[in-house]
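Q: Contents of upload37.pdb (PDB, C-alpha atoms and all ligand atoms) are given next:
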```
ATOM      1  CA  MET M 168     105.889 106.785  84.328  1.00  0.00           C
ATOM      2  CA  ILE M 169     109.442 105.517  84.389  1.00  0.00           C
ATOM      3  CA  ALA M 170     111.652 105.289  81.316  1.00  0.00           C
ATOM      4  CA  LYS M 171     110.721 102.491  78.941  1.00  0.00           C
ATOM      5  CA  GLN M 172     114.238 101.129  79.035  1.00  0.00           C
ATOM      6  CA  VAL M 173     114.233 100.877  82.829  1.00  0.00           C
ATOM      7  CA  LEU M 174     110.918  99.042  82.729  1.00  0.00           C
ATOM      8  CA  GLU M 175     112.222  96.612  80.145  1.00  0.00           C
ATOM      9  CA  GLU M 176     115.321  95.952  82.234  1.00  0.00           C
ATOM     10  CA  ARG M 177     113.209  95.319  85.317  1.00  0.00           C
ATOM     11  CA  LEU M 178     110.904  92.940  83.481  1.00  0.00           C
ATOM     12  CA  GLU M 179     113.804  91.091  81.924  1.00  0.00           C
ATOM     13  CA  LEU M 180     115.511  90.678  85.288  1.00  0.00           C
ATOM     14  CA  PHE M 181     112.227  89.592  86.852  1.00  0.00           C
ATOM     15  CA  LEU M 182     111.623  86.893  84.258  1.00  0.00           C
ATOM     16  CA  ARG M 183     115.190  85.645  84.469  1.00  0.00           C
ATOM     17  CA  LYS M 184     115.335  85.538  88.270  1.00  0.00           C
ATOM     18  CA  ALA M 185     111.896  83.982  88.539  1.00  0.00           C
ATOM     19  CA  ARG M 186     113.017  81.244  86.178  1.00  0.00           C
ATOM     20  CA  GLU M 187     116.141  80.654  88.241  1.00  0.00           C
ATOM     21  CA  ALA M 188     114.098  80.504  91.435  1.00  0.00           C
ATOM     22  CA  ASN M 189     111.555  78.178  89.824  1.00  0.00           C
ATOM     23  CA  ILE M 190     108.718  80.607  90.379  1.00  0.00           C
ATOM     24  CA  ARG M 191     105.840  80.218  88.005  1.00  0.00           C
ATOM     25  CA  VAL M 192     105.279  83.499  86.187  1.00  0.00           C
ATOM     26  CA  THR M 193     101.550  83.503  85.575  1.00  0.00           C
ATOM     27  CA  PRO M 194     100.047  86.331  83.509  1.00  0.00           C
ATOM     28  CA  GLN M 195      98.568  87.698  86.744  1.00  0.00           C
ATOM     29  CA  ARG M 196     101.887  87.702  88.586  1.00  0.00           C
ATOM     30  CA  LEU M 197     103.619  89.355  85.672  1.00  0.00           C
ATOM     31  CA  ALA M 198     100.864  91.966  85.427  1.00  0.00           C
ATOM     32  CA  ILE M 199     101.101  92.754  89.153  1.00  0.00           C
ATOM     33  CA  TYR M 200     104.860  93.115  88.997  1.00  0.00           C
ATOM     34  CA  ARG M 201     104.547  95.214  85.869  1.00  0.00           C
ATOM     35  CA  VAL M 202     102.248  97.745  87.529  1.00  0.00           C
ATOM     36  CA  VAL M 203     104.779  98.273  90.335  1.00  0.00           C
ATOM     37  CA  ALA M 204     107.764  98.233  87.984  1.00  0.00           C
ATOM     38  CA  ALA M 205     106.207 100.782  85.629  1.00  0.00           C
ATOM     39  CA  SER M 206     105.270 103.223  88.360  1.00  0.00           C
ATOM     40  CA  GLU M 207     107.222 105.949  90.078  1.00  0.00           C
ATOM     41  CA  ASP M 208     104.452 106.371  92.597  1.00  0.00           C
ATOM     42  CA  HIS M 209     105.047 103.439  94.945  1.00  0.00           C
ATOM     43  CA  PRO M 210     101.483 102.262  94.369  1.00  0.00           C
ATOM     44  CA  GLY M 211      99.345 100.762  97.107  1.00  0.00           C
ATOM     45  CA  VAL M 212      97.711  97.342  96.971  1.00  0.00           C
ATOM     46  CA  GLU M 213      94.249  98.678  96.224  1.00  0.00           C
ATOM     47  CA  GLU M 214      95.535 100.939  93.505  1.00  0.00           C
ATOM     48  CA  ILE M 215      97.345  98.014  91.869  1.00  0.00           C
ATOM     49  CA  HIS M 216      94.208  95.914  92.133  1.00  0.00           C
ATOM     50  CA  LYS M 217      92.092  98.641  90.579  1.00  0.00           C
ATOM     51  CA  LYS M 218      94.500  99.069  87.673  1.00  0.00           C
ATOM     52  CA  LEU M 219      94.329  95.375  86.837  1.00  0.00           C
ATOM     53  CA  HIS M 220      90.602  94.946  87.210  1.00  0.00           C
ATOM     54  CA  ARG M 221      89.762  95.540  83.564  1.00  0.00           C
ATOM     55  CA  ASN M 222      92.199  92.953  82.228  1.00  0.00           C
ATOM     56  CA  PHE M 223      91.770  90.505  85.116  1.00  0.00           C
ATOM     57  CA  PRO M 224      88.183  90.845  86.339  1.00  0.00           C
ATOM     58  CA  THR M 225      88.466  87.745  88.556  1.00  0.00           C
ATOM     59  CA  LEU M 226      91.682  88.836  90.264  1.00  0.00           C
ATOM     60  CA  SER M 227      90.955  89.322  93.959  1.00  0.00           C
ATOM     61  CA  LEU M 228      92.478  91.891  96.263  1.00  0.00           C
ATOM     62  CA  ASP M 229      93.719  89.018  98.395  1.00  0.00           C
ATOM     63  CA  THR M 230      95.636  87.522  95.475  1.00  0.00           C
ATOM     64  CA  VAL M 231      97.251  90.888  94.846  1.00  0.00           C
ATOM     65  CA  TYR M 232      98.289  91.018  98.513  1.00  0.00           C
ATOM     66  CA  ARG M 233      99.703  87.521  98.449  1.00  0.00           C
ATOM     67  CA  THR M 234     101.523  88.042  95.163  1.00  0.00           C
ATOM     68  CA  LEU M 235     103.136  91.234  96.401  1.00  0.00           C
ATOM     69  CA  ARG M 236     104.274  89.459  99.552  1.00  0.00           C
ATOM     70  CA  LEU M 237     105.773  86.715  97.389  1.00  0.00           C
ATOM     71  CA  LEU M 238     107.499  89.302  95.198  1.00  0.00           C
ATOM     72  CA  GLU M 239     108.793  90.946  98.347  1.00  0.00           C
ATOM     73  CA  ASP M 240     110.167  87.653  99.706  1.00  0.00           C
ATOM     74  CA  LEU M 241     111.934  87.126  96.410  1.00  0.00           C
ATOM     75  CA  GLY M 242     113.448  90.605  96.529  1.00  0.00           C
ATOM     76  CA  PHE M 243     111.704  92.055  93.487  1.00  0.00           C
ATOM     77  CA  VAL M 244     109.848  94.747  95.402  1.00  0.00           C
ATOM     78  CA  ASN M 245     110.072  96.413  98.764  1.00  0.00           C
ATOM     79  CA  ALA M 246     107.182  97.422 100.946  1.00  0.00           C
ATOM     80  CA  VAL M 247     107.359 101.063 101.916  1.00  0.00           C
ATOM     81  CA  GLY M 248     105.441 103.146 104.391  1.00  0.00           C
ATOM     82  CA  PRO M 249     104.325 102.113 107.813  1.00  0.00           C
ATOM     83  CA  ARG M 250     103.001  98.562 107.946  1.00  0.00           C
ATOM     84  CA  ARG M 251      99.345  98.017 108.754  1.00  0.00           C
ATOM     85  CA  GLU M 252      98.461 101.198 106.985  1.00  0.00           C
ATOM     86  CA  THR M 253      97.999 100.606 103.292  1.00  0.00           C
ATOM     87  CA  LEU M 254     101.167  98.964 102.127  1.00  0.00           C
ATOM     88  CA  ARG M 255     102.830 100.454  99.120  1.00  0.00           C
ATOM     89  CA  TYR M 256     105.337  98.813  96.862  1.00  0.00           C
ATOM     90  CA  ASP M 257     108.585  99.823  95.248  1.00  0.00           C
ATOM     91  CA  ALA M 258     110.282  97.986  92.383  1.00  0.00           C
ATOM     92  CA  ASN M 259     113.428 100.054  92.657  1.00  0.00           C
ATOM     93  CA  THR M 260     115.678  97.654  94.565  1.00  0.00           C
ATOM     94  CA  LYS M 261     118.798  99.767  94.118  1.00  0.00           C
ATOM     95  CA  ARG M 262     119.858 101.860  97.076  1.00  0.00           C
ATOM     96  CA  HIS M 263     117.786 105.022  97.006  1.00  0.00           C
ATOM     97  CA  HIS M 264     115.910 107.471  99.173  1.00  0.00           C
ATOM     98  CA  HIS M 265     112.432 108.921  99.267  1.00  0.00           C
ATOM     99  CA  PHE M 266     110.834 112.304  99.046  1.00  0.00           C
ATOM    100  CA  THR M 267     107.463 112.038 100.768  1.00  0.00           C
ATOM    101  CA  CYS M 268     104.729 114.639 100.424  1.00  0.00           C
ATOM    102  CA  LEU M 269     103.087 115.380 103.751  1.00  0.00           C
ATOM    103  CA  ARG M 270      99.864 116.473 102.073  1.00  0.00           C
ATOM    104  CA  CYS M 271      99.063 113.853  99.458  1.00  0.00           C
ATOM    105  CA  GLY M 272     101.391 111.004 100.415  1.00  0.00           C
ATOM    106  CA  LEU M 273     103.303 111.025  97.146  1.00  0.00           C
ATOM    107  CA  ILE M 274     106.568 109.081  97.428  1.00  0.00           C
ATOM    108  CA  ARG M 275     109.273 109.683  94.847  1.00  0.00           C
ATOM    109  CA  ASP M 276     112.739 108.181  94.559  1.00  0.00           C
ATOM    110  CA  PHE M 277     115.959 110.094  94.542  1.00  0.00           C
ATOM    111  CA  GLU M 278     119.584 109.076  94.678  1.00  0.00           C
ATOM    112  CA  ASP M 279     122.382 110.739  96.546  1.00  0.00           C
ATOM    113  CA  ALA M 280     125.866 109.311  96.882  1.00  0.00           C
ATOM    114  CA  ARG M 281     126.464 111.005 100.219  1.00  0.00           C
ATOM    115  CA  LEU M 282     123.303 109.624 101.789  1.00  0.00           C
ATOM    116  CA  SER M 283     123.914 106.202 100.309  1.00  0.00           C
ATOM    117  CA  ALA M 284     127.363 106.127 101.920  1.00  0.00           C
ATOM    118  CA  LEU M 285     125.832 106.476 105.400  1.00  0.00           C
ATOM    119  CA  LYS M 286     126.438 103.517 107.678  1.00  0.00           C
ATOM    120  CA  ILE M 287     123.658 102.007 109.730  1.00  0.00           C
ATOM    121  CA  PRO M 288     124.217 103.222 113.304  1.00  0.00           C
ATOM    122  CA  ALA M 289     125.406 100.424 115.570  1.00  0.00           C
ATOM    123  CA  GLN M 290     122.912 101.262 118.300  1.00  0.00           C
ATOM    124  CA  THR M 291     120.054 100.113 116.067  1.00  0.00           C
ATOM    125  CA  ARG M 292     121.226  96.536 116.724  1.00  0.00           C
ATOM    126  CA  VAL M 293     119.724  96.876 120.165  1.00  0.00           C
ATOM    127  CA  LEU M 294     116.357  97.297 118.477  1.00  0.00           C
ATOM    128  CA  GLY M 295     116.631  94.404 116.059  1.00  0.00           C
ATOM    129  CA  GLN M 296     118.489  93.332 112.988  1.00  0.00           C
ATOM    130  CA  PRO M 297     119.094  96.315 110.731  1.00  0.00           C
ATOM    131  CA  GLN M 298     118.931  95.558 107.015  1.00  0.00           C
ATOM    132  CA  ASP M 299     118.850  98.754 105.078  1.00  0.00           C
ATOM    133  CA  LEU M 300     119.096 102.458 105.607  1.00  0.00           C
ATOM    134  CA  ARG M 301     116.863 104.797 103.699  1.00  0.00           C
ATOM    135  CA  VAL M 302     116.559 108.511 104.151  1.00  0.00           C
ATOM    136  CA  GLU M 303     113.148 110.084 103.896  1.00  0.00           C
ATOM    137  CA  VAL M 304     112.852 113.740 103.020  1.00  0.00           C
ATOM    138  CA  LEU M 305     109.503 115.136 104.107  1.00  0.00           C
ATOM    139  CA  GLY M 306     107.988 118.057 102.294  1.00  0.00           C
ATOM    140  CA  VAL M 307     105.238 119.271 100.003  1.00  0.00           C
ATOM    141  CA  CYS M 308     105.298 118.113  96.383  1.00  0.00           C
ATOM    142  CA  ASN M 309     105.072 120.452  93.395  1.00  0.00           C
ATOM    143  CA  ALA M 310     101.520 119.418  92.531  1.00  0.00           C
ATOM    144  CA  CYS M 311     100.318 120.208  96.045  1.00  0.00           C
ATOM    145  CA  LEU M 312     102.229 123.485  96.070  1.00  0.00           C
ATOM    146  CA  LYS M 313     100.531 124.476  92.849  1.00  0.00           C
ATOM    147  CA  LYS M 314      97.103 123.689  94.275  1.00  0.00           C
ATOM    148  CA  ASN M 315      97.690 125.608  97.457  1.00  0.00           C
ATOM    149  CA  PRO M 316     101.061 127.291  97.955  1.00  0.00           C
ATOM    150  CA  LYS M 317     100.251 128.883 101.311  1.00  0.00           C
ATOM    151  CA  LYS M 318      98.732 126.033 103.271  1.00  0.00           C
ATOM    152  CA  LYS M 319     101.110 124.586 105.806  1.00  0.00           C
TER     153      LYS M 319
HETATM  154 ZN    ZN Y   1     101.626 116.281  97.358  1.00  0.00          ZN
HETATM  155 ZN    ZN Y   2     111.425 104.076  96.186  1.00  0.00          ZN
END
```
What is this file in C-alpha cells?
A:
Amino acid sequence: MIAKQVLEERLELFLRKAREANIRVTPQRLAIYRVVAASEDHPGVEEIHKKLHRNFPTLSLDTVYRTLRLLEDLGFVNAVGPRRETLRYDANTKRHHHFTCLRCGLIRDFEDARLSALKIPAQTRVLGQPQDLRVEVLGVCNACLKKNPKKK
C-alpha cells in the first residue's frame, strides 16, 4: 500500500483534473482509479475488477477495461507491460523506473536522478514517435527469494 498522503494527493488531483476536463466522475470510475492509485503493484485489469466486485457487483470487466483506457487517455494512469498480455496500470505519472520480478511478475517503482536524466536516443525516431523513457531493472523480488533462494 502506498502512503495515505500520496493517495489523497492523487485522488484530489484526479477529481480536480476530471472536473476541468468535464469528465463525469461516477462512483465506479472513482473506485477504479482509487484501486490503481492506492496500489504499488501495478494491478492488472482482472485484479482491479475482482477487487471491486463486492462493492460493485454489476460492474463488468469490459467497463473496467474501457474506464482504464479513458483514464489512460486523460493521463491519470499509464499502461505498463507488453500490450496484448494482461495490461497493468500505474497511477504514478511522475518520471520513474521499474523493478520487475522475473518469477512472479511483481513491478515496483523506483526513482533515480541519473536514470531520469537520460535522453531518449535519437535513433528511436526511426521506429516511431518516442514519448517517454523508462528503465526496467529485471531481477528476483525479496518475496520470491525467500520462497526459493536458489532457483534461477
Ligand atoms: Zn517475485
Ligand atoms: Zn510504475
Q: Counting all atoms listed in the file, what are the residues of chain M within 6 Å of ligand ZN 1 (chain Y), and for each of them which pair of atoms is the nearest and at what distance in Å, to one decimal? Sort the table by chain and rising number, as CSV.
A:
```
residue,atom,partner,partner_atom,distance
M:Cys268,CA,Y:ZN1,ZN,4.7
M:Arg270,CA,Y:ZN1,ZN,5.0
M:Cys271,CA,Y:ZN1,ZN,4.1
M:Leu273,CA,Y:ZN1,ZN,5.5
M:Val307,CA,Y:ZN1,ZN,5.4
M:Cys308,CA,Y:ZN1,ZN,4.2
M:Ala310,CA,Y:ZN1,ZN,5.8
M:Cys311,CA,Y:ZN1,ZN,4.3
```
Q: Find, counting only C-alpha atoms and all ligand atoms, the residue in M:Glu278, M:Glu214, M:Glu176, M:Asp257 that gets nearest to ligand ZN 2 (chain Y).
A: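 Closest residue, counting only C-alpha atoms and all ligand atoms: M:Asp257.
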Q: Residues within 7 Å of ligand ZN 2 (chain Y) should be enumerated using only C-alpha atoms and all ligand atoms and returned as a PyMOL selection string.
A: chain M and resi 209+257+259+263-265+275-276
Q: How many Å separate atom CA of M:Leu180 from atom CA of M:Phe243?
A: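 According to the coordinates, atom CA of M:Leu180 and atom CA of M:Phe243 are separated by 9.1 Å.
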Q: For M:Gly272, which residue out of M:Asp208, M:Asp299, M:Glu239, M:Glu175 is the nearest one, using only C-alpha atoms?
A: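 For M:Gly272, the nearest of the candidates is M:Asp208.
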Q: Between atom CA of M:Thr230 and atom CA of M:Val212, what is the spacing in Å?
A: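 Taking atom CA of M:Val212 and atom CA of M:Thr230, their separation equals 10.1 Å.
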